[in-house]
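Engineer: You'll find my_file_5.txt just under this line, and it carries compact mmCIF, C-alpha atoms.
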```
# COMPACT_ATOMS: atom_id res chain seq x y z
CA ALA A 1 25.47 68.09 174.18
CA PRO A 2 25.46 69.32 170.57
CA LEU A 3 25.01 73.03 169.97
CA ALA A 4 22.05 72.45 167.64
CA GLY A 5 19.63 69.56 167.56
CA ARG A 6 19.07 67.37 164.53
CA VAL A 7 15.86 65.66 163.48
CA TYR A 8 15.58 62.61 161.24
CA GLY A 9 12.88 61.68 158.74
CA ARG A 10 12.64 58.22 160.30
CA ARG A 11 11.08 59.81 163.40
CA TRP A 12 7.69 59.58 161.67
CA LEU A 13 8.14 55.83 161.13
CA VAL A 14 8.99 55.39 164.82
CA LEU A 15 5.93 57.45 165.76
CA LEU A 16 3.75 55.40 163.40
CA LEU A 17 4.88 52.05 164.86
CA PHE A 18 4.38 53.22 168.43
CA SER A 19 0.98 54.74 167.62
CA LEU A 20 -0.19 51.53 165.94
CA LEU A 21 0.91 49.59 169.01
CA GLY A 22 -1.18 51.91 171.19
CA PHE A 23 -4.11 51.60 168.78
CA ALA A 24 -4.01 47.80 168.94
CA GLN A 25 -3.77 47.78 172.74
CA GLY A 26 -6.83 50.04 173.06
CA LEU A 27 -8.76 47.94 170.53
CA VAL A 28 -8.07 44.67 172.37
CA TRP A 29 -8.79 46.22 175.79
CA ASN A 30 -12.22 47.47 174.71
CA SER A 31 -13.23 44.37 172.73
CA TRP A 32 -15.91 43.14 175.12
CA GLY A 33 -17.77 46.16 176.48
CA PRO A 34 -19.42 47.18 173.17
CA ILE A 35 -20.67 43.60 172.53
CA GLN A 36 -21.48 42.61 176.10
CA ASN A 37 -24.97 41.29 175.26
CA SER A 38 -23.58 39.07 172.50
CA ALA A 39 -20.65 37.90 174.67
CA ARG A 40 -23.01 36.89 177.47
CA LEU A 41 -24.89 34.64 175.06
CA ALA A 42 -21.88 33.15 173.23
CA PHE A 43 -19.55 32.49 176.19
CA GLY A 44 -21.85 32.59 179.19
CA PHE A 45 -20.34 35.80 180.57
CA SER A 46 -22.11 37.52 183.45
CA GLY A 47 -22.28 41.27 184.09
CA TRP A 48 -19.46 40.74 186.59
CA ASP A 49 -17.36 39.06 183.86
CA ILE A 50 -17.88 41.95 181.44
CA ALA A 51 -16.82 44.53 184.03
CA LEU A 52 -13.82 42.37 184.99
CA LEU A 53 -12.69 42.07 181.37
CA VAL A 54 -12.49 45.86 181.25
CA PHE A 55 -11.07 45.95 184.79
CA TRP A 56 -7.96 43.99 183.67
CA GLY A 57 -6.81 47.23 182.02
CA PRO A 58 -6.23 49.17 185.25
CA ILE A 59 -5.09 45.98 187.04
CA GLY A 60 -2.37 45.70 184.38
CA PHE A 61 -0.91 48.96 185.70
CA ALA A 62 0.26 47.22 188.89
CA PRO A 63 3.83 46.76 187.49
CA CYS A 64 3.73 50.27 186.00
CA PHE A 65 6.85 51.38 187.87
CA PHE A 66 8.86 48.44 186.49
CA PHE A 67 8.09 49.54 182.92
CA MET A 68 9.01 53.11 183.82
CA TRP A 69 12.35 51.91 185.20
CA LEU A 70 12.93 49.74 182.11
CA MET A 71 12.25 52.63 179.74
CA ASP A 72 14.52 54.94 181.74
CA LYS A 73 17.41 52.44 181.90
CA LYS A 74 17.13 50.35 178.72
CA GLY A 75 15.42 52.71 176.29
CA LEU A 76 12.38 52.50 174.06
CA ARG A 77 13.28 49.48 171.94
CA VAL A 78 13.53 46.96 174.79
CA THR A 79 10.38 48.32 176.43
CA VAL A 80 8.35 48.31 173.21
CA LEU A 81 9.42 44.78 172.27
CA LEU A 82 8.52 43.44 175.73
CA THR A 83 5.17 45.24 175.60
CA SER A 84 4.28 44.03 172.11
CA SER A 85 5.26 40.43 172.96
CA LEU A 86 2.87 40.52 175.94
CA MET A 87 0.14 41.76 173.61
CA VAL A 88 0.79 38.96 171.10
CA LEU A 89 0.64 36.34 173.85
CA GLY A 90 -2.54 37.86 175.30
CA ALA A 91 -4.30 38.10 171.94
CA GLY A 92 -3.26 34.53 171.18
CA LEU A 93 -4.68 33.18 174.45
CA ARG A 94 -8.09 34.59 173.58
CA CYS A 95 -8.09 32.60 170.32
CA VAL A 96 -7.31 29.14 171.77
CA PRO A 97 -10.19 26.91 170.52
CA VAL A 98 -11.32 25.13 173.69
CA SER A 99 -14.79 23.59 173.79
CA ASP A 100 -15.10 23.85 177.60
CA LEU A 101 -16.62 27.29 178.21
CA GLU A 102 -15.16 27.64 181.71
CA ILE A 103 -11.61 27.07 180.43
CA ARG A 104 -12.26 29.36 177.48
CA LYS A 105 -13.45 32.11 179.80
CA LYS A 106 -10.29 31.78 181.90
CA LEU A 107 -8.11 31.99 178.80
CA ILE A 108 -9.94 35.11 177.65
CA HIS A 109 -9.50 36.72 181.07
CA GLY A 110 -5.79 35.80 181.01
CA GLY A 111 -5.41 37.32 177.56
CA GLN A 112 -7.06 40.55 178.70
CA LEU A 113 -4.70 40.72 181.68
CA LEU A 114 -1.61 40.33 179.46
CA ASN A 115 -2.94 43.05 177.18
CA GLY A 116 -3.50 45.22 180.26
CA LEU A 117 0.17 44.81 181.17
CA ALA A 118 0.99 46.63 177.93
CA GLY A 119 -0.95 49.67 179.09
CA PRO A 120 1.86 51.36 181.07
CA THR A 121 4.08 51.61 178.01
CA VAL A 122 1.54 52.70 175.39
CA MET A 123 0.06 55.33 177.73
CA ASN A 124 3.26 56.59 179.40
CA ALA A 125 5.92 56.61 176.71
CA ALA A 126 4.41 59.21 174.33
CA PRO A 127 6.15 62.28 175.88
CA PHE A 128 9.41 60.33 176.19
CA LEU A 129 9.25 59.37 172.50
CA SER A 130 8.42 62.91 171.36
CA THR A 131 11.26 64.44 173.40
CA THR A 132 13.73 61.79 172.15
CA TRP A 133 12.90 62.11 168.44
CA PHE A 134 11.13 65.44 167.77
CA SER A 135 12.13 69.10 167.86
CA PRO A 136 10.46 71.41 170.44
CA ASP A 137 8.05 72.90 167.88
CA GLU A 138 6.75 69.39 167.00
CA ARG A 139 6.78 67.85 170.45
CA ALA A 140 3.18 68.52 171.54
CA THR A 141 1.84 67.27 168.19
CA ALA A 142 3.88 64.05 168.39
CA THR A 143 2.76 63.52 171.99
CA ALA A 144 -0.88 63.99 170.96
CA ILE A 145 -0.65 61.49 168.09
CA ALA A 146 1.20 58.86 170.13
CA SER A 147 -1.08 59.13 173.18
CA LEU A 148 -4.44 59.59 171.46
CA LEU A 149 -4.08 56.63 169.08
CA ASN A 150 -4.60 54.38 172.10
CA TYR A 151 -7.97 56.08 172.67
CA LEU A 152 -8.72 55.78 168.96
CA GLY A 153 -8.18 52.01 169.25
CA ALA A 154 -10.79 51.89 172.00
CA ALA A 155 -13.08 53.87 169.70
CA GLY A 156 -12.44 51.34 166.93
CA ALA A 157 -13.80 48.61 169.20
CA PHE A 158 -17.07 50.55 169.50
CA LEU A 159 -17.29 50.50 165.71
CA VAL A 160 -15.95 47.01 164.85
CA GLY A 161 -17.68 45.02 167.58
CA PRO A 162 -21.34 46.02 167.06
CA LEU A 163 -20.99 46.07 163.25
CA VAL A 164 -19.36 42.63 162.95
CA VAL A 165 -21.05 40.85 165.86
CA PRO A 166 -24.86 40.80 165.69
CA PRO A 167 -26.83 41.46 168.89
CA PRO A 168 -28.96 38.61 170.25
CA ASN A 169 -32.52 38.34 168.99
CA GLY A 170 -34.63 39.64 171.87
CA THR A 171 -31.73 40.80 174.02
CA SER A 172 -33.90 41.16 177.09
CA HIS A 173 -35.01 37.48 176.86
CA LEU A 174 -31.78 35.58 176.24
CA PRO A 175 -33.21 32.07 176.92
CA LEU A 176 -35.49 32.49 173.89
CA VAL A 177 -32.57 32.91 171.46
CA SER A 178 -32.16 30.01 169.05
CA GLN A 179 -29.11 27.73 169.06
CA SER A 180 -28.20 28.65 165.47
CA ASN A 181 -28.20 32.32 166.39
CA THR A 182 -25.92 31.55 169.34
CA GLU A 183 -23.40 29.69 167.18
CA HIS A 184 -23.43 32.46 164.57
CA ILE A 185 -22.72 35.11 167.20
CA LYS A 186 -19.90 33.00 168.66
CA ASP A 187 -18.35 32.56 165.21
CA ARG A 188 -18.45 36.31 164.57
CA ILE A 189 -16.81 37.07 167.93
CA GLU A 190 -14.05 34.56 167.20
CA ALA A 191 -13.49 36.17 163.79
CA VAL A 192 -12.90 39.50 165.56
CA LEU A 193 -10.49 37.82 168.03
CA TYR A 194 -8.49 36.21 165.19
CA ALA A 195 -8.31 39.49 163.28
CA GLU A 196 -7.03 41.33 166.36
CA PHE A 197 -4.42 38.64 166.96
CA GLY A 198 -3.19 38.97 163.38
CA MET A 199 -2.94 42.76 163.66
CA VAL A 200 -1.00 42.61 166.95
CA SER A 201 1.39 39.99 165.52
CA LEU A 202 2.06 42.15 162.46
CA ILE A 203 2.88 45.20 164.59
CA PHE A 204 5.19 43.12 166.79
CA SER A 205 7.03 41.84 163.71
CA ALA A 206 7.48 45.39 162.39
CA ALA A 207 8.81 46.62 165.76
CA LEU A 208 11.17 43.67 165.96
CA ALA A 209 12.50 44.45 162.48
CA TYR A 210 12.95 48.19 163.12
CA PHE A 211 12.38 50.23 166.25
CA PRO A 212 15.54 52.04 167.47
CA SER A 213 15.87 53.26 171.05
CA ARG A 214 17.04 56.75 170.09
CA PRO A 215 18.40 58.75 167.12
CA PRO A 216 22.16 59.10 166.53
CA PHE A 217 21.99 62.76 167.61
CA PRO A 218 19.33 64.30 169.87
CA PRO A 219 16.81 66.73 168.36
CA SER A 220 17.24 69.44 171.02
CA VAL A 221 19.31 70.51 174.01
CA ALA A 222 16.51 69.32 176.33
CA ALA A 223 16.68 65.82 174.84
CA ALA A 224 20.45 65.69 175.35
CA SER A 225 20.46 67.04 178.93
CA GLN A 226 21.06 64.88 181.96
CA ARG A 227 17.89 63.83 183.82
CA LEU A 228 17.32 63.01 187.48
CA SER A 229 17.83 59.48 188.76
CA TYR A 230 14.91 57.12 189.32
CA ARG A 231 14.83 57.65 193.11
CA ARG A 232 15.32 61.42 192.99
CA SER A 233 12.59 61.71 190.36
CA PHE A 234 10.01 60.15 192.66
CA CYS A 235 11.09 62.37 195.55
CA ARG A 236 10.77 65.42 193.32
CA LEU A 237 7.32 64.42 192.07
CA LEU A 238 5.84 63.53 195.46
CA SER A 239 7.12 66.74 197.05
CA ASN A 240 5.87 69.02 194.27
CA PHE A 241 2.43 70.26 195.35
CA ARG A 242 1.73 71.88 191.98
CA PHE A 243 2.40 68.61 190.15
CA LEU A 244 0.14 66.66 192.53
CA MET A 245 -2.73 69.09 191.96
CA ILE A 246 -2.38 68.85 188.16
CA ALA A 247 -2.13 65.05 188.46
CA LEU A 248 -5.43 64.89 190.34
CA ALA A 249 -7.05 67.22 187.81
CA TYR A 250 -6.00 64.73 185.10
CA ALA A 251 -6.51 61.41 186.90
CA ILE A 252 -10.00 61.83 188.33
CA PRO A 253 -11.98 62.86 185.20
CA LEU A 254 -9.91 60.89 182.66
CA GLY A 255 -9.77 57.74 184.80
CA VAL A 256 -13.48 57.70 185.54
CA PHE A 257 -14.41 58.52 181.93
CA SER A 258 -12.16 55.78 180.49
CA GLY A 259 -13.70 53.11 182.71
CA TRP A 260 -17.20 54.45 182.10
CA SER A 261 -16.67 54.37 178.32
CA GLY A 262 -15.48 50.75 178.47
CA VAL A 263 -18.82 49.59 179.91
CA LEU A 264 -21.05 52.15 178.19
CA ASP A 265 -23.28 49.48 176.66
CA LEU A 266 -23.72 47.87 180.09
CA ILE A 267 -24.75 51.24 181.54
CA LEU A 268 -27.12 52.32 178.74
CA THR A 269 -28.91 48.98 178.27
CA PRO A 270 -31.38 49.64 181.17
CA VAL A 271 -32.58 52.83 179.41
CA HIS A 272 -33.25 50.81 176.23
CA VAL A 273 -30.28 52.03 174.19
CA SER A 274 -29.25 49.35 171.70
CA GLN A 275 -25.79 47.80 171.45
CA VAL A 276 -25.21 49.50 168.09
CA ASP A 277 -26.30 52.93 169.34
CA ALA A 278 -24.09 52.65 172.44
CA GLY A 279 -21.22 51.67 170.15
CA TRP A 280 -21.69 54.70 167.91
CA ILE A 281 -21.94 57.02 170.94
CA GLY A 282 -18.65 55.67 172.32
CA PHE A 283 -16.99 55.76 168.90
CA TRP A 284 -17.78 59.38 168.08
CA SER A 285 -17.01 60.65 171.58
CA ILE A 286 -13.46 59.25 171.38
CA VAL A 287 -12.83 60.08 167.70
CA GLY A 288 -13.98 63.65 168.27
CA GLY A 289 -11.63 63.91 171.26
CA CYS A 290 -8.70 62.61 169.21
CA VAL A 291 -9.26 65.05 166.35
CA VAL A 292 -9.73 68.06 168.63
CA GLY A 293 -6.82 66.92 170.83
CA ILE A 294 -4.36 66.84 167.93
CA ALA A 295 -5.59 70.25 166.77
CA MET A 296 -5.18 71.65 170.30
CA ALA A 297 -1.68 70.19 170.56
CA ARG A 298 -0.69 71.75 167.24
CA PHE A 299 -2.05 75.07 168.51
CA ALA A 300 -0.04 74.68 171.73
CA ASP A 301 3.15 74.07 169.69
CA PHE A 302 2.88 77.56 168.23
CA ILE A 303 1.55 79.46 171.25
CA ARG A 304 3.47 78.71 174.42
CA GLY A 305 2.35 79.57 177.93
CA MET A 306 -1.38 78.92 177.39
CA LEU A 307 -1.60 75.30 178.53
CA LYS A 308 -3.50 76.09 181.74
CA PHE A 309 -5.99 78.35 179.96
CA ILE A 310 -6.69 75.65 177.32
CA LEU A 311 -7.23 73.04 180.03
CA LEU A 312 -9.64 75.28 181.95
CA LEU A 313 -11.73 75.75 178.79
CA LEU A 314 -11.80 72.01 178.05
CA LEU A 315 -12.67 70.98 181.60
CA SER A 316 -15.40 73.64 181.79
CA GLY A 317 -16.96 72.22 178.64
CA ALA A 318 -16.71 68.68 180.04
CA THR A 319 -18.45 69.80 183.24
CA LEU A 320 -21.37 71.27 181.30
CA ALA A 321 -21.67 68.20 179.04
CA SER A 322 -21.63 65.72 181.93
CA THR A 323 -24.19 67.82 183.83
CA TRP A 324 -26.45 67.78 180.76
CA PHE A 325 -26.12 63.99 180.44
CA THR A 326 -26.87 63.45 184.13
CA LEU A 327 -29.94 65.69 184.17
CA THR A 328 -31.24 64.02 181.01
CA CYS A 329 -30.92 60.55 182.53
CA LEU A 330 -32.81 61.75 185.63
CA SER A 331 -35.80 62.48 183.42
CA SER A 332 -38.30 61.41 186.10
CA VAL A 333 -37.00 64.22 188.32
CA THR A 334 -35.96 66.91 185.83
CA HIS A 335 -38.62 66.12 183.18
CA LEU A 336 -36.03 66.65 180.45
CA PRO A 337 -36.57 64.47 177.35
CA LEU A 338 -34.40 61.34 177.20
CA THR A 339 -33.85 60.85 173.47
CA THR A 340 -31.17 59.30 171.31
CA ALA A 341 -30.18 62.78 170.10
CA THR A 342 -29.59 64.12 173.63
CA LEU A 343 -27.60 61.00 174.61
CA TYR A 344 -25.47 61.22 171.48
CA THR A 345 -24.82 64.95 171.84
CA SER A 346 -24.01 65.03 175.56
CA CYS A 347 -21.79 61.90 175.49
CA ILE A 348 -19.92 62.98 172.38
CA LEU A 349 -19.29 66.47 173.75
CA LEU A 350 -18.07 64.98 177.04
CA GLY A 351 -15.64 62.71 175.16
CA ILE A 352 -14.39 65.52 172.96
CA PHE A 353 -13.65 67.86 175.87
CA LEU A 354 -11.99 65.22 178.08
CA ASN A 355 -10.01 63.21 175.53
CA SER A 356 -8.65 66.31 173.80
CA SER A 357 -7.14 67.45 177.12
CA VAL A 358 -4.75 64.45 177.35
CA PRO A 359 -1.80 65.79 175.26
CA ILE A 360 -2.15 69.25 176.84
CA PHE A 361 -1.95 67.68 180.30
CA PHE A 362 1.13 65.66 179.30
CA GLU A 363 2.93 68.77 178.06
CA LEU A 364 2.06 70.61 181.28
CA PHE A 365 3.37 67.71 183.39
CA VAL A 366 6.68 67.60 181.54
CA GLU A 367 7.20 71.37 181.78
CA THR A 368 6.21 71.50 185.46
CA VAL A 369 8.69 68.90 186.77
CA TYR A 370 11.60 69.13 184.29
CA PRO A 371 14.28 67.58 184.51
CA VAL A 372 12.35 64.53 185.77
CA PRO A 373 12.31 61.95 182.91
CA GLU A 374 9.12 62.10 180.86
CA GLY A 375 8.37 58.39 181.20
CA ILE A 376 8.47 58.53 185.00
CA THR A 377 6.31 61.67 185.15
CA CYS A 378 3.58 60.30 182.89
CA GLY A 379 3.86 56.86 184.50
CA VAL A 380 2.93 58.23 187.90
CA VAL A 381 0.04 60.20 186.42
CA THR A 382 -1.45 57.34 184.37
CA PHE A 383 -1.03 54.98 187.33
CA LEU A 384 -3.10 57.38 189.42
CA SER A 385 -5.65 57.65 186.60
CA ASN A 386 -6.00 53.87 186.47
CA VAL A 387 -6.52 53.77 190.23
CA PHE A 388 -9.64 55.91 189.79
CA MET A 389 -10.71 53.81 186.79
CA GLY A 390 -10.28 50.68 188.91
CA VAL A 391 -12.39 52.12 191.72
CA LEU A 392 -15.22 52.85 189.29
CA LEU A 393 -15.05 49.41 187.64
CA PHE A 394 -14.81 47.69 191.03
CA PHE A 395 -18.17 49.14 192.02
CA LEU A 396 -19.61 48.47 188.57
CA THR A 397 -18.93 44.74 189.05
CA PHE A 398 -21.84 44.91 191.52
CA TYR A 399 -23.95 46.99 189.12
CA HIS A 400 -26.83 44.53 188.80
CA THR A 401 -26.87 43.43 192.45
```
Now, as a test, write the supplied structure out as C-alpha cells.
Structural biologist:
Amino acid sequence: APLAGRVYGRRWLVLLLFSLLGFAQGLVWNSWGPIQNSARLAFGFSGWDIALLVFWGPIGFAPCFFFMWLMDKKGLRVTVLLTSSLMVLGAGLRCVPVSDLEIRKKLIHGGQLLNGLAGPTVMNAAPFLSTTWFSPDERATATAIASLLNYLGAAGAFLVGPLVVPPPNGTSHLPLVSQSNTEHIKDRIEAVLYAEFGMVSLIFSAALAYFPSRPPFPPSVAAASQRLSYRRSFCRLLSNFRFLMIALAYAIPLGVFSGWSGVLDLILTPVHVSQVDAGWIGFWSIVGGCVVGIAMARFADFIRGMLKFILLLLLSGATLASTWFTLTCLSSVTHLPLTTATLYTSCILLGIFLNSSVPIFFELFVETVYPVPEGITCGVVTFLSNVFMGVLLFFLTFYHT
C-alpha cells in the first residue's frame, strides 16, 4: 500500500456517470405510480397492475448477491456496464409498438423487471465507489451524491409524469372519457417512455466509452487495504449483532417509505387528492431529502463520531411527521383538518427526514463492519430494505379488494 493516497480529478466524472445511471433507474422505476389514473385508461391497467409495476423494483433484488459478488471480483466497470445494458433493454421493451394491449402490458412488465435488476448496483455501489475514488474527507459527500441521485430520479418521475401526461377527464368515471382523450393520453405516455429510453441509452454509451474500475493509485490506506473474502464477509455480517440492529433501523422505515412513495397517487386518490398534487407531494419530499442528505453528509465529513446522534435526530423527526400525517388522515376520529397544506407539509417533512438519513446510514454501516467490502455490506442492507418494500407492495396489490 502507498504511504499517502492520491486522488484524481476524473473521480468527479466517474461519480457523475454513476449518479446519472442511478437517476435514470429511479426515474424508470417510478414511471407508473404518479400517472396511475392515466395508465389505467391508456393501457387498461388495473390497481393490481400498478402496484406490480412498482413491485418489480424489490423483485429485481432477488439476484442482489450475484451483483455484489461481481462487483467484489470484477470491479465497477463490468458491473456498471451489465447494469446499464439491462436498463437499456428494459426501457426498450416498454417502447415496442404493439397494438395488442395484453402483449403490450406484458412487455411493459418485462421492461420494469429488467430495470429492477439494475437496482442492486445503483443502490449498493455508492460506498464502494466513494472508497475507491475519494479521500476520507470527501467520502460521505460522494456516497450521499451517488446514493441519493437514485431517489432524485424517482422524484423526477413525480414531476415529469403528471406534467406531461394529462389526467383523465372525470377520473372517477373512466367509462365516460372520450376516445380522443384516451388516444392523446396514450401518446403522451409513449412520449415519456421514448424519452426515458433515449436517456438510458445515452448514459450506457457514455459508460461504455469511459468508466474505469479503479484509479491507478488508491486515494487512501483504507482503499488499498485487503478486505475479507465473500464467504467470511457474510459470516462477519450475520454474526455482528450491532450491524443487524442498524440494518433493521435502516431497512424498515426506508423500505416501507420507498414502496409507499411509489404508489402515493394510488393511496391518496380515495381522499380526493389529484394526480398532480400527489406528484408534487412526492417530488418535494424526495428532493428535500436529497438536499438535506447531502448537507448532512458534508457535515459528517468534517465532524466524525456523530453519526448515531444525527440518525437519532432524523428518525425522531420522521416519527413526528408520520404521526402527524396518520392523525390527519384519520380526521373522522381525531377531527383534525385534512387539507392540501397539511398533506404537503407532513409528507414532505417525512421524506426529508427519512431520505436524508440514507448516506449517514451507509457511512455507519461501513465503519461498523470494516474490513468487510462496502458493496457486500450495503448489498445486504438494501436487500433487507427491499424485502420490507416488497411486503408492503404485496399487500397493496389487494388494496381495492
Engineer: Taking 5 positions as the minimum chain separation for residues in the same chain, which residues sit within 9 Å of range 131-143 of chain A when counting all atoms listed in the file? Answer as a PyMOL selection string.
Structural biologist: chain A and resi 5-8+11-12+14-15+125-126+148+213-215+218-220+222-224+294-302+359-360+362-363+374
Engineer: In terms of the shortest atom-to-atom distance over only C-alpha atoms, which of A:Val80, A:Met245, A:Val263, A:Leu152 is closest to Leu393 in chain A?
Structural biologist: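 Between A:Val80, A:Met245, A:Val263, A:Leu152, the residue approaching Leu393 in chain A most closely is A:Val263.
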Engineer: Which one is closest to Leu20 in chain A: A:Tyr194, A:Phe365, A:Phe158, A:Phe204? Count only C-alpha atoms.
Structural biologist: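 Residue with the minimum atom-to-atom distance to Leu20 in chain A: A:Phe204.
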Engineer: Go ahead and compute the interatomic distance for CA of Leu163 in chain A and CA of Val276 in chain A, in Å to one decimal.
Structural biologist: 7.3 Å
Engineer: Between A:Val165, A:Leu330, A:Ala251, A:Val380, single out the one closest to Ile35 in chain A, counting all atoms listed in the file.
Structural biologist: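 Looking at the shortest contact to Ile35 in chain A, the residue is A:Val165.
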Engineer: Find the distance between CA of Gly293 in chain A and CA of Thr377 in chain A and write it in Å to one decimal.
Structural biologist: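 One can read the CA of Gly293 in chain A to CA of Thr377 in chain A distance as 20.1 Å.
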Engineer: Fewer than 3 positions away in the same chain doesn't count, so skip those; otherwise give me all residues within 7 Å of Cys347 in chain A, counting all atoms listed in the file, as a list of chain:residue names.
Structural biologist: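 Close residues of Cys347 in chain A: A:Ile281, A:Ser285, A:Phe325, A:Leu343, A:Tyr344, A:Leu350, A:Gly351.
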Engineer: What's around range 53-64 of chain A at 7 Å? Count all atoms listed in the file, leave out sequence neighbours fewer than 6 positions away in its own chain, and write the answer as a short mmCIF file (atom, residue, chain, number, x, y, z; two decimals) with C-alpha atoms, in the frame of the given file.
Structural biologist:
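Writing done, so here's selection-v2.cif:
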```cif
data_model
loop_
_atom_site.label_atom_id
_atom_site.label_comp_id
_atom_site.auth_asym_id
_atom_site.auth_seq_id
_atom_site.Cartn_x
_atom_site.Cartn_y
_atom_site.Cartn_z
CA TRP A 29 -8.79 46.22 175.79
CA ASN A 30 -12.22 47.47 174.71
CA HIS A 109 -9.50 36.72 181.07
CA GLN A 112 -7.06 40.55 178.70
CA LEU A 113 -4.70 40.72 181.68
CA GLY A 116 -3.50 45.22 180.26
CA LEU A 117 0.17 44.81 181.17
CA GLY A 119 -0.95 49.67 179.09
CA PRO A 120 1.86 51.36 181.07
CA GLY A 262 -15.48 50.75 178.47
CA GLY A 379 3.86 56.86 184.50
CA PHE A 383 -1.03 54.98 187.33
CA ASN A 386 -6.00 53.87 186.47
CA VAL A 387 -6.52 53.77 190.23
CA MET A 389 -10.71 53.81 186.79
CA GLY A 390 -10.28 50.68 188.91
CA LEU A 393 -15.05 49.41 187.64
#
```
Engineer: Measuring between all atoms listed in the file, which one of A:Leu21, A:Cys329, A:Ile189, A:Ile203 shows the shortest distance to His272 in chain A?
Structural biologist: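 Once distances to His272 in chain A are computed over all atoms listed in the file, the minimum belongs to A:Cys329.
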Engineer: Using only C-alpha atoms, find the one residue out of A:Thr345, A:Thr269, A:Asn355, A:Thr339 that sits nearest to Val291 in chain A.
Structural biologist: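 Selected residue with least distance to Val291 in chain A: A:Asn355.
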Engineer: Tell me, as a PyMOL selection string, which residues lie within 9 Å of Phe45 in chain A, counting only C-alpha atoms; anything in the same chain fewer than 5 positions away does not count.
Structural biologist: chain A and resi 36-37+39-40+50+105
Engineer: Compare A:Ile246, A:Leu315, A:Leu384, A:Val78 by their minimum atom-to-atom distance to Tyr210 in chain A, counting all atoms listed in the file, and give me the closest one.
Structural biologist: A:Val78
Engineer: Please put the answer as JSON: centre and edge lengths, in Å with one decimal, of a box along x, y and z that encloses all listed atoms of range 303-313 of chain A plus 3 Å on each side.
Structural biologist:
```
{"center_x": -4.1, "center_y": 76.3, "center_z": 176.6, "size_x": 21.2, "size_y": 12.5, "size_z": 16.7}
```
